[in-house]
Amino acid sequence: MMATAGRVLGEDQDVRADLATNGCRERPAFVGPIGGAVFACLHLPDKPARGAVVLCSSIAAEWKFNYRREVLLARRLAELGVAAARLHYLGTGHSDDGEITFGAMVDDVERVRDWACGQADVEHVVYFGSRLGALVAAAAGRATGSPLACWNAPTTGAAYFREVFQILRVGRLAGSGTVDDMPAAQDLLRSGQPLDVLGYTLGPALYLSASTLSFADELGSPPRRVNLIEIGDARQAQQAAGYAASLRDQGFDVAASSVDDGRSWWLDGADAPRADEHREAVVTLVEETAIWLAAAGGGDALHGG
């Protein structure tokens, strides 16, 4: 893999940047050149890593809602002996500015993957993706056929954005009491105008680059090992099980499960009554996902947990 530059936070003052958490280390860094650097955090085990997992987040409110769960997942992976890298795509979070497109998100993941492998001294990489990040994770590991686990993977980019537009309609209805006089969201995006979805900007470049994609296409050629985990109610779980069956019919090696948690990733994040680490559903979700990823990322013999 090509070496990738990373400026570890604090290194210019000769300050140790690694943070200790449950016996593991966390290494925040800006990966790439000044002005185009991706913020990343590498979670390292307390002994040589057996492999690595790259976590691909979703966007906007979903990114914020799921952030803590992904931190918990990365820390649990490090406890299991596998390095885990999280990142903020260019134009989001702590990363430098940049136009957000699907291709750019995949590029950011690949850049952080190469940096993380160099830091952890590993070559074997598997992927994790949540919501839109599932498409990113699928694309990032397509060339190597790398295993991936996903939370609420959309079947297509179009289906994903339809859900976002429904959330937008809910917000408009709550705010003005009507949606009849508002331009169609798709038309605004296709004309090059950004869209405000409950305080988060959805840019036309991302919409145009991702709305025509499908999860199956981004997976590449079967057989590829996939773990689809659906977080939601019984109806969502049934739909996800049907989609998993269709992927198996196409030749993919698909495991599927569900976790009962009906909170909306767009609407309920700010009012969660308990921290995620104290929610039974989240504890189960993180543990089951981490065990699967650790086995796929470093062989079946787990250590450290």
# chains A, B, ... in the order shown; residues from 1 in each chain; ligands from 1
call {"tool": "residues_around", "arguments": {"residues": "segment 197-203 of chain A", "least_positions_apart": "2", "cutoff": "9 Å", "atoms": "only C-alpha atoms", "output": "PDB file with N, CA and C atoms, in the first residue's frame"}}
result
ATOM      1  N   ILE A  59     -23.860  10.520   7.202  1.00  0.00           N
ATOM      2  CA  ILE A  59     -23.720  11.961   7.036  1.00  0.00           C
ATOM      3  C   ILE A  59     -24.712  12.692   7.936  1.00  0.00           C
ATOM      4  N   ALA A  60     -24.452  13.984   8.120  1.00  0.00           N
ATOM      5  CA  ALA A  60     -25.389  14.920   8.739  1.00  0.00           C
ATOM      6  C   ALA A  60     -25.887  14.413  10.092  1.00  0.00           C
ATOM      7  N   ALA A  61     -27.201  14.472  10.326  1.00  0.00           N
ATOM      8  CA  ALA A  61     -27.748  14.095  11.628  1.00  0.00           C
ATOM      9  C   ALA A  61     -27.442  12.646  11.963  1.00  0.00           C
ATOM     10  N   GLU A  99     -15.296  19.486  -1.254  1.00  0.00           N
ATOM     11  CA  GLU A  99     -16.615  19.163  -1.792  1.00  0.00           C
ATOM     12  C   GLU A  99     -16.943  17.712  -1.480  1.00  0.00           C
ATOM     13  N   ILE A 100     -18.115  17.497  -0.925  1.00  0.00           N
ATOM     14  CA  ILE A 100     -18.518  16.149  -0.523  1.00  0.00           C
ATOM     15  C   ILE A 100     -19.209  15.465  -1.688  1.00  0.00           C
ATOM     16  N   THR A 101     -18.556  14.465  -2.240  1.00  0.00           N
ATOM     17  CA  THR A 101     -19.149  13.584  -3.251  1.00  0.00           C
ATOM     18  C   THR A 101     -18.921  12.154  -2.794  1.00  0.00           C
ATOM     19  N   VAL A 164     -34.419  10.463   3.404  1.00  0.00           N
ATOM     20  CA  VAL A 164     -34.007  11.803   3.834  1.00  0.00           C
ATOM     21  C   VAL A 164     -35.072  12.832   3.450  1.00  0.00           C
ATOM     22  N   PHE A 165     -35.628  12.700   2.252  1.00  0.00           N
ATOM     23  CA  PHE A 165     -36.651  13.649   1.805  1.00  0.00           C
ATOM     24  C   PHE A 165     -37.917  13.523   2.654  1.00  0.00           C
ATOM     25  N   ILE A 167     -37.915  12.764   5.827  1.00  0.00           N
ATOM     26  CA  ILE A 167     -37.569  13.495   7.046  1.00  0.00           C
ATOM     27  C   ILE A 167     -37.723  14.995   6.821  1.00  0.00           C
ATOM     28  N   LEU A 168     -37.303  15.468   5.658  1.00  0.00           N
ATOM     29  CA  LEU A 168     -37.427  16.886   5.331  1.00  0.00           C
ATOM     30  C   LEU A 168     -38.887  17.314   5.329  1.00  0.00           C
ATOM     31  N   GLY A 171     -40.079  17.747   8.828  1.00  0.00           N
ATOM     32  CA  GLY A 171     -39.602  18.995   9.395  1.00  0.00           C
ATOM     33  C   GLY A 171     -40.364  20.202   8.873  1.00  0.00           C
ATOM     34  N   ARG A 172     -40.653  20.210   7.574  1.00  0.00           N
ATOM     35  CA  ARG A 172     -41.409  21.328   6.995  1.00  0.00           C
ATOM     36  C   ARG A 172     -42.826  21.372   7.543  1.00  0.00           C
ATOM     37  N   LEU A 189     -31.963  19.981  -5.772  1.00  0.00           N
ATOM     38  CA  LEU A 189     -30.631  19.392  -5.841  1.00  0.00           C
ATOM     39  C   LEU A 189     -30.153  19.252  -7.284  1.00  0.00           C
ATOM     40  N   GLY A 192     -28.660  22.240  -8.756  1.00  0.00           N
ATOM     41  CA  GLY A 192     -27.405  22.705  -8.187  1.00  0.00           C
ATOM     42  C   GLY A 192     -27.532  23.436  -6.873  1.00  0.00           C
ATOM     43  N   GLN A 193     -28.713  23.436  -6.256  1.00  0.00           N
ATOM     44  CA  GLN A 193     -28.907  24.138  -4.995  1.00  0.00           C
ATOM     45  C   GLN A 193     -28.778  23.178  -3.811  1.00  0.00           C
ATOM     46  N   PRO A 194     -28.096  23.586  -2.753  1.00  0.00           N
ATOM     47  CA  PRO A 194     -28.019  22.737  -1.563  1.00  0.00           C
ATOM     48  C   PRO A 194     -29.357  22.707  -0.841  1.00  0.00           C
ATOM     49  N   LEU A 195     -29.527  21.686  -0.037  1.00  0.00           N
ATOM     50  CA  LEU A 195     -30.785  21.484   0.670  1.00  0.00           C
ATOM     51  C   LEU A 195     -30.511  21.490   2.171  1.00  0.00           C
ATOM     52  N   ALA A 205     -23.781  17.899  -5.118  1.00  0.00           N
ATOM     53  CA  ALA A 205     -22.720  17.012  -5.627  1.00  0.00           C
ATOM     54  C   ALA A 205     -22.827  15.626  -4.999  1.00  0.00           C
ATOM     55  N   LEU A 206     -23.109  15.566  -3.714  1.00  0.00           N
ATOM     56  CA  LEU A 206     -23.252  14.270  -3.069  1.00  0.00           C
ATOM     57  C   LEU A 206     -24.492  13.552  -3.580  1.00  0.00           C
ATOM     58  N   TYR A 207     -25.589  14.274  -3.668  1.00  0.00           N
ATOM     59  CA  TYR A 207     -26.824  13.663  -4.147  1.00  0.00           C
ATOM     60  C   TYR A 207     -26.657  13.107  -5.555  1.00  0.00           C
ATOM     61  N   LEU A 208     -26.113  13.898  -6.450  1.00  0.00           N
ATOM     62  CA  LEU A 208     -25.979  13.471  -7.841  1.00  0.00           C
ATOM     63  C   LEU A 208     -25.010  12.301  -7.989  1.00  0.00           C
ATOM     64  N   TRP A 266     -32.430  10.565  12.564  1.00  0.00           N
ATOM     65  CA  TRP A 266     -32.512  11.999  12.264  1.00  0.00           C
ATOM     66  C   TRP A 266     -33.217  12.783  13.358  1.00  0.00           C
ATOM     67  N   LEU A 267     -34.181  12.197  14.023  1.00  0.00           N
ATOM     68  CA  LEU A 267     -35.057  12.979  14.883  1.00  0.00           C
ATOM     69  C   LEU A 267     -34.864  12.770  16.380  1.00  0.00           C
TER      70      LEU A 267
END
call {"tool": "select_by_dssp", "arguments": {"residues": "segment 45-118 of chain A", "states": "strand (DSSP E)", "output": "short mmCIF file (atom, residue, chain, number, x, y, z; two decimals) with N, CA and C atoms, in the first residue's frame"}}
result
data_model
loop_
_atom_site.label_atom_id
_atom_site.label_comp_id
_atom_site.auth_asym_id
_atom_site.auth_seq_id
_atom_site.Cartn_x
_atom_site.Cartn_y
_atom_site.Cartn_z
N ALA A 52 -7.02 -4.79 10.73
CA ALA A 52 -7.59 -3.46 10.91
C ALA A 52 -9.01 -3.41 10.36
N VAL A 53 -9.80 -2.55 10.96
CA VAL A 53 -11.15 -2.24 10.50
C VAL A 53 -11.23 -0.74 10.24
N VAL A 54 -11.78 -0.35 9.11
CA VAL A 54 -12.03 1.06 8.83
C VAL A 54 -13.53 1.30 8.94
N LEU A 55 -13.90 2.28 9.76
CA LEU A 55 -15.30 2.59 9.99
C LEU A 55 -15.73 3.75 9.10
N CYS A 56 -16.79 3.52 8.33
CA CYS A 56 -17.30 4.52 7.38
C CYS A 56 -18.64 5.02 7.89
N ALA A 83 -6.92 -3.26 15.19
CA ALA A 83 -6.89 -1.79 15.08
C ALA A 83 -8.16 -1.31 14.38
N ALA A 84 -8.64 -0.16 14.79
CA ALA A 84 -9.86 0.40 14.19
C ALA A 84 -9.65 1.88 13.90
N ALA A 85 -9.99 2.29 12.69
CA ALA A 85 -9.80 3.68 12.28
C ALA A 85 -11.14 4.32 11.99
N ARG A 86 -11.38 5.47 12.62
CA ARG A 86 -12.55 6.30 12.31
C ARG A 86 -12.08 7.55 11.58
N LEU A 87 -12.96 8.19 10.85
CA LEU A 87 -12.56 9.40 10.13
C LEU A 87 -13.75 10.33 9.94
N HIS A 88 -13.43 11.59 9.68
CA HIS A 88 -14.40 12.59 9.25
C HIS A 88 -14.09 12.89 7.78
#
call {"tool": "atom_distance", "arguments": {"atom1": "atom CA of Gly103 of chain A", "atom2": "atom CA of Ala140 of chain A"}}
result
9.7 Å
call {"tool": "residues_around", "arguments": {"residues": "Ala134 of chain A", "least_positions_apart": "6", "cutoff": "9 Å", "atoms": "only C-alpha atoms", "output": "number ranges by chain"}}
result
A: 56-58, 127-128, 148-154, 215
call {"tool": "closest_atom_pairs", "arguments": {"of": "segment 63-152 of chain A", "to": "segment 30-46 of chain A", "cutoff": "12 Å", "atoms": "only C-alpha atoms", "output": "JSON lines"}}
result
{"residue": "A:Glu70", "atom": "CA", "partner": "A:Cys41", "partner_atom": "CA", "distance": 11.4}
{"residue": "A:Val71", "atom": "CA", "partner": "A:His43", "partner_atom": "CA", "distance": 9.2}
{"residue": "A:Leu72", "atom": "CA", "partner": "A:His43", "partner_atom": "CA", "distance": 10.5}
{"residue": "A:Leu73", "atom": "CA", "partner": "A:His43", "partner_atom": "CA", "distance": 10.1}
{"residue": "A:Ala74", "atom": "CA", "partner": "A:His43", "partner_atom": "CA", "distance": 6.3}
{"residue": "A:Arg75", "atom": "CA", "partner": "A:His43", "partner_atom": "CA", "distance": 6.3}
{"residue": "A:Arg76", "atom": "CA", "partner": "A:His43", "partner_atom": "CA", "distance": 9.2}
{"residue": "A:Leu77", "atom": "CA", "partner": "A:His43", "partner_atom": "CA", "distance": 8.1}
{"residue": "A:Ala78", "atom": "CA", "partner": "A:Pro45", "partner_atom": "CA", "distance": 4.5}
{"residue": "A:Glu79", "atom": "CA", "partner": "A:Pro45", "partner_atom": "CA", "distance": 5.9}
{"residue": "A:Leu80", "atom": "CA", "partner": "A:Pro45", "partner_atom": "CA", "distance": 7.5}
{"residue": "A:Gly81", "atom": "CA", "partner": "A:Pro45", "partner_atom": "CA", "distance": 5.2}
{"residue": "A:Val82", "atom": "CA", "partner": "A:Pro45", "partner_atom": "CA", "distance": 6.4}
{"residue": "A:Ala83", "atom": "CA", "partner": "A:Leu44", "partner_atom": "CA", "distance": 4.8}
{"residue": "A:Ala84", "atom": "CA", "partner": "A:His43", "partner_atom": "CA", "distance": 5.0}
{"residue": "A:Ala85", "atom": "CA", "partner": "A:Leu42", "partner_atom": "CA", "distance": 4.4}
{"residue": "A:Arg86", "atom": "CA", "partner": "A:Cys41", "partner_atom": "CA", "distance": 5.3}
{"residue": "A:Leu87", "atom": "CA", "partner": "A:Ala40", "partner_atom": "CA", "distance": 4.1}
{"residue": "A:His88", "atom": "CA", "partner": "A:Phe39", "partner_atom": "CA", "distance": 5.5}
{"residue": "A:Tyr89", "atom": "CA", "partner": "A:Val38", "partner_atom": "CA", "distance": 6.3}
{"residue": "A:Leu90", "atom": "CA", "partner": "A:Val38", "partner_atom": "CA", "distance": 5.8}
{"residue": "A:Gly91", "atom": "CA", "partner": "A:Val38", "partner_atom": "CA", "distance": 8.9}
{"residue": "A:Thr92", "atom": "CA", "partner": "A:Val38", "partner_atom": "CA", "distance": 9.1}
{"residue": "A:Gly93", "atom": "CA", "partner": "A:Phe39", "partner_atom": "CA", "distance": 8.0}
{"residue": "A:His94", "atom": "CA", "partner": "A:Phe39", "partner_atom": "CA", "distance": 5.8}
{"residue": "A:Ser95", "atom": "CA", "partner": "A:Val38", "partner_atom": "CA", "distance": 4.7}
{"residue": "A:Asp96", "atom": "CA", "partner": "A:Gly36", "partner_atom": "CA", "distance": 5.4}
{"residue": "A:Asp97", "atom": "CA", "partner": "A:Gly36", "partner_atom": "CA", "distance": 6.9}
{"residue": "A:Gly98", "atom": "CA", "partner": "A:Gly36", "partner_atom": "CA", "distance": 7.2}
{"residue": "A:Glu99", "atom": "CA", "partner": "A:Gly36", "partner_atom": "CA", "distance": 10.6}
{"residue": "A:Ala104", "atom": "CA", "partner": "A:Val38", "partner_atom": "CA", "distance": 11.1}
{"residue": "A:Met105", "atom": "CA", "partner": "A:Val38", "partner_atom": "CA", "distance": 10.3}
{"residue": "A:Asp107", "atom": "CA", "partner": "A:Val38", "partner_atom": "CA", "distance": 10.3}
{"residue": "A:Asp108", "atom": "CA", "partner": "A:Val38", "partner_atom": "CA", "distance": 6.8}
{"residue": "A:Val109", "atom": "CA", "partner": "A:Val38", "partner_atom": "CA", "distance": 9.1}
{"residue": "A:Glu110", "atom": "CA", "partner": "A:Val38", "partner_atom": "CA", "distance": 11.0}
{"residue": "A:Arg111", "atom": "CA", "partner": "A:Val31", "partner_atom": "CA", "distance": 7.5}
{"residue": "A:Val112", "atom": "CA", "partner": "A:Val31", "partner_atom": "CA", "distance": 6.7}
{"residue": "A:Arg113", "atom": "CA", "partner": "A:Ala40", "partner_atom": "CA", "distance": 9.9}
{"residue": "A:Asp114", "atom": "CA", "partner": "A:Val31", "partner_atom": "CA", "distance": 9.9}
{"residue": "A:Trp115", "atom": "CA", "partner": "A:Val31", "partner_atom": "CA", "distance": 7.3}
{"residue": "A:Ala116", "atom": "CA", "partner": "A:Leu42", "partner_atom": "CA", "distance": 6.6}
{"residue": "A:Cys117", "atom": "CA", "partner": "A:Leu42", "partner_atom": "CA", "distance": 9.8}
{"residue": "A:Gly118", "atom": "CA", "partner": "A:Leu42", "partner_atom": "CA", "distance": 11.1}
{"residue": "A:Gln119", "atom": "CA", "partner": "A:Leu42", "partner_atom": "CA", "distance": 8.5}
{"residue": "A:Ala120", "atom": "CA", "partner": "A:Leu44", "partner_atom": "CA", "distance": 7.2}
{"residue": "A:Asp121", "atom": "CA", "partner": "A:Leu44", "partner_atom": "CA", "distance": 10.7}
{"residue": "A:Val122", "atom": "CA", "partner": "A:Leu44", "partner_atom": "CA", "distance": 11.4}
call {"tool": "write_last_selection", "arguments": {"atoms": "N, CA and C atoms", "output": "short mmCIF file (atom, residue, chain, number, x, y, z; two decimals), in the first residue's frame"}}
result
data_model
loop_
_atom_site.label_atom_id
_atom_site.label_comp_id
_atom_site.auth_asym_id
_atom_site.auth_seq_id
_atom_site.Cartn_x
_atom_site.Cartn_y
_atom_site.Cartn_z
N GLU A 70 -20.14 4.44 17.24
CA GLU A 70 -18.95 4.06 16.47
C GLU A 70 -17.68 4.17 17.31
N VAL A 71 -17.63 5.13 18.22
CA VAL A 71 -16.50 5.20 19.15
C VAL A 71 -16.46 3.94 20.01
N LEU A 72 -17.62 3.54 20.55
CA LEU A 72 -17.69 2.34 21.36
C LEU A 72 -17.28 1.11 20.57
N LEU A 73 -17.70 1.04 19.30
CA LEU A 73 -17.35 -0.10 18.45
C LEU A 73 -15.83 -0.13 18.21
N ALA A 74 -15.24 1.01 17.91
CA ALA A 74 -13.80 1.07 17.65
C ALA A 74 -13.01 0.66 18.89
N ARG A 75 -13.43 1.12 20.05
CA ARG A 75 -12.73 0.77 21.28
C ARG A 75 -12.85 -0.72 21.58
N ARG A 76 -14.02 -1.27 21.32
CA ARG A 76 -14.19 -2.72 21.56
C ARG A 76 -13.34 -3.53 20.60
N LEU A 77 -13.22 -3.09 19.36
CA LEU A 77 -12.36 -3.79 18.40
C LEU A 77 -10.91 -3.78 18.87
N ALA A 78 -10.45 -2.64 19.39
CA ALA A 78 -9.07 -2.58 19.90
C ALA A 78 -8.88 -3.54 21.06
N GLU A 79 -9.88 -3.66 21.92
CA GLU A 79 -9.80 -4.61 23.02
C GLU A 79 -9.70 -6.04 22.51
N LEU A 80 -10.29 -6.31 21.36
CA LEU A 80 -10.27 -7.64 20.76
C LEU A 80 -9.02 -7.88 19.91
N GLY A 81 -8.10 -6.92 19.90
CA GLY A 81 -6.83 -7.13 19.22
C GLY A 81 -6.77 -6.65 17.79
N VAL A 82 -7.77 -5.87 17.35
CA VAL A 82 -7.82 -5.37 15.98
C VAL A 82 -7.79 -3.85 15.99
N ALA A 83 -6.92 -3.26 15.19
CA ALA A 83 -6.89 -1.79 15.08
C ALA A 83 -8.16 -1.31 14.38
N ALA A 84 -8.64 -0.16 14.79
CA ALA A 84 -9.86 0.40 14.19
C ALA A 84 -9.65 1.88 13.90
N ALA A 85 -9.99 2.29 12.69
CA ALA A 85 -9.80 3.68 12.28
C ALA A 85 -11.14 4.32 11.99
N ARG A 86 -11.38 5.47 12.62
CA ARG A 86 -12.55 6.30 12.31
C ARG A 86 -12.08 7.55 11.58
N LEU A 87 -12.96 8.19 10.85
CA LEU A 87 -12.56 9.40 10.13
C LEU A 87 -13.75 10.33 9.94
N HIS A 88 -13.43 11.59 9.68
CA HIS A 88 -14.40 12.59 9.25
C HIS A 88 -14.09 12.89 7.78
N TYR A 89 -15.07 12.71 6.91
CA TYR A 89 -14.83 12.99 5.49
C TYR A 89 -14.47 14.46 5.29
N LEU A 90 -13.68 14.74 4.25
CA LEU A 90 -13.39 16.14 3.93
C LEU A 90 -14.69 16.92 3.79
N GLY A 91 -14.70 18.11 4.36
CA GLY A 91 -15.90 18.93 4.34
C GLY A 91 -16.85 18.66 5.49
N THR A 92 -16.45 17.76 6.41
CA THR A 92 -17.29 17.44 7.57
C THR A 92 -16.43 17.42 8.82
N GLY A 93 -17.07 17.56 9.98
CA GLY A 93 -16.40 17.40 11.25
C GLY A 93 -15.15 18.25 11.39
N HIS A 94 -14.06 17.64 11.84
CA HIS A 94 -12.80 18.34 12.06
C HIS A 94 -11.90 18.34 10.83
N SER A 95 -12.30 17.70 9.75
CA SER A 95 -11.46 17.65 8.55
C SER A 95 -11.46 19.00 7.85
N ASP A 96 -10.50 19.17 6.95
CA ASP A 96 -10.44 20.40 6.15
C ASP A 96 -11.62 20.47 5.20
N ASP A 97 -11.82 21.65 4.62
CA ASP A 97 -12.92 21.84 3.69
C ASP A 97 -12.70 21.03 2.41
N GLY A 98 -13.78 20.70 1.77
CA GLY A 98 -13.72 19.99 0.50
C GLY A 98 -15.13 19.68 0.04
N GLU A 99 -15.30 19.49 -1.25
CA GLU A 99 -16.61 19.16 -1.79
C GLU A 99 -16.94 17.71 -1.48
N ALA A 104 -15.33 11.19 -3.45
CA ALA A 104 -14.41 11.82 -2.50
C ALA A 104 -14.46 11.11 -1.15
N MET A 105 -15.64 10.67 -0.72
CA MET A 105 -15.76 9.94 0.54
C MET A 105 -14.97 8.63 0.47
N ASP A 107 -12.41 8.04 -1.48
CA ASP A 107 -10.99 8.42 -1.48
C ASP A 107 -10.49 8.70 -0.07
N ASP A 108 -11.30 9.39 0.74
CA ASP A 108 -10.92 9.69 2.12
C ASP A 108 -10.72 8.40 2.91
N VAL A 109 -11.61 7.45 2.72
CA VAL A 109 -11.51 6.17 3.42
C VAL A 109 -10.23 5.45 3.01
N GLU A 110 -9.94 5.44 1.72
CA GLU A 110 -8.73 4.75 1.25
C GLU A 110 -7.46 5.42 1.79
N ARG A 111 -7.47 6.73 1.88
CA ARG A 111 -6.31 7.44 2.41
C ARG A 111 -6.09 7.09 3.88
N VAL A 112 -7.16 7.10 4.65
CA VAL A 112 -7.05 6.77 6.07
C VAL A 112 -6.71 5.30 6.25
N ARG A 113 -7.25 4.43 5.40
CA ARG A 113 -6.89 3.01 5.48
C ARG A 113 -5.38 2.81 5.32
N ASP A 114 -4.78 3.45 4.32
CA ASP A 114 -3.35 3.28 4.09
C ASP A 114 -2.54 3.82 5.28
N TRP A 115 -2.96 4.96 5.80
CA TRP A 115 -2.27 5.53 6.98
C TRP A 115 -2.40 4.60 8.17
N ALA A 116 -3.61 4.09 8.43
CA ALA A 116 -3.84 3.23 9.58
C ALA A 116 -3.04 1.94 9.48
N CYS A 117 -2.96 1.37 8.28
CA CYS A 117 -2.19 0.14 8.11
C CYS A 117 -0.71 0.37 8.40
N GLY A 118 -0.20 1.52 7.99
CA GLY A 118 1.19 1.85 8.28
C GLY A 118 1.43 2.05 9.77
N GLN A 119 0.50 2.71 10.44
CA GLN A 119 0.63 2.95 11.87
C GLN A 119 0.55 1.66 12.68
N ALA A 120 -0.37 0.78 12.28
CA ALA A 120 -0.60 -0.45 13.03
C ALA A 120 0.27 -1.61 12.54
N ASP A 121 0.97 -1.41 11.41
CA ASP A 121 1.81 -2.45 10.81
C ASP A 121 1.00 -3.70 10.48
N VAL A 122 -0.11 -3.49 9.77
CA VAL A 122 -0.96 -4.60 9.33
C VAL A 122 -1.27 -4.43 7.84
#
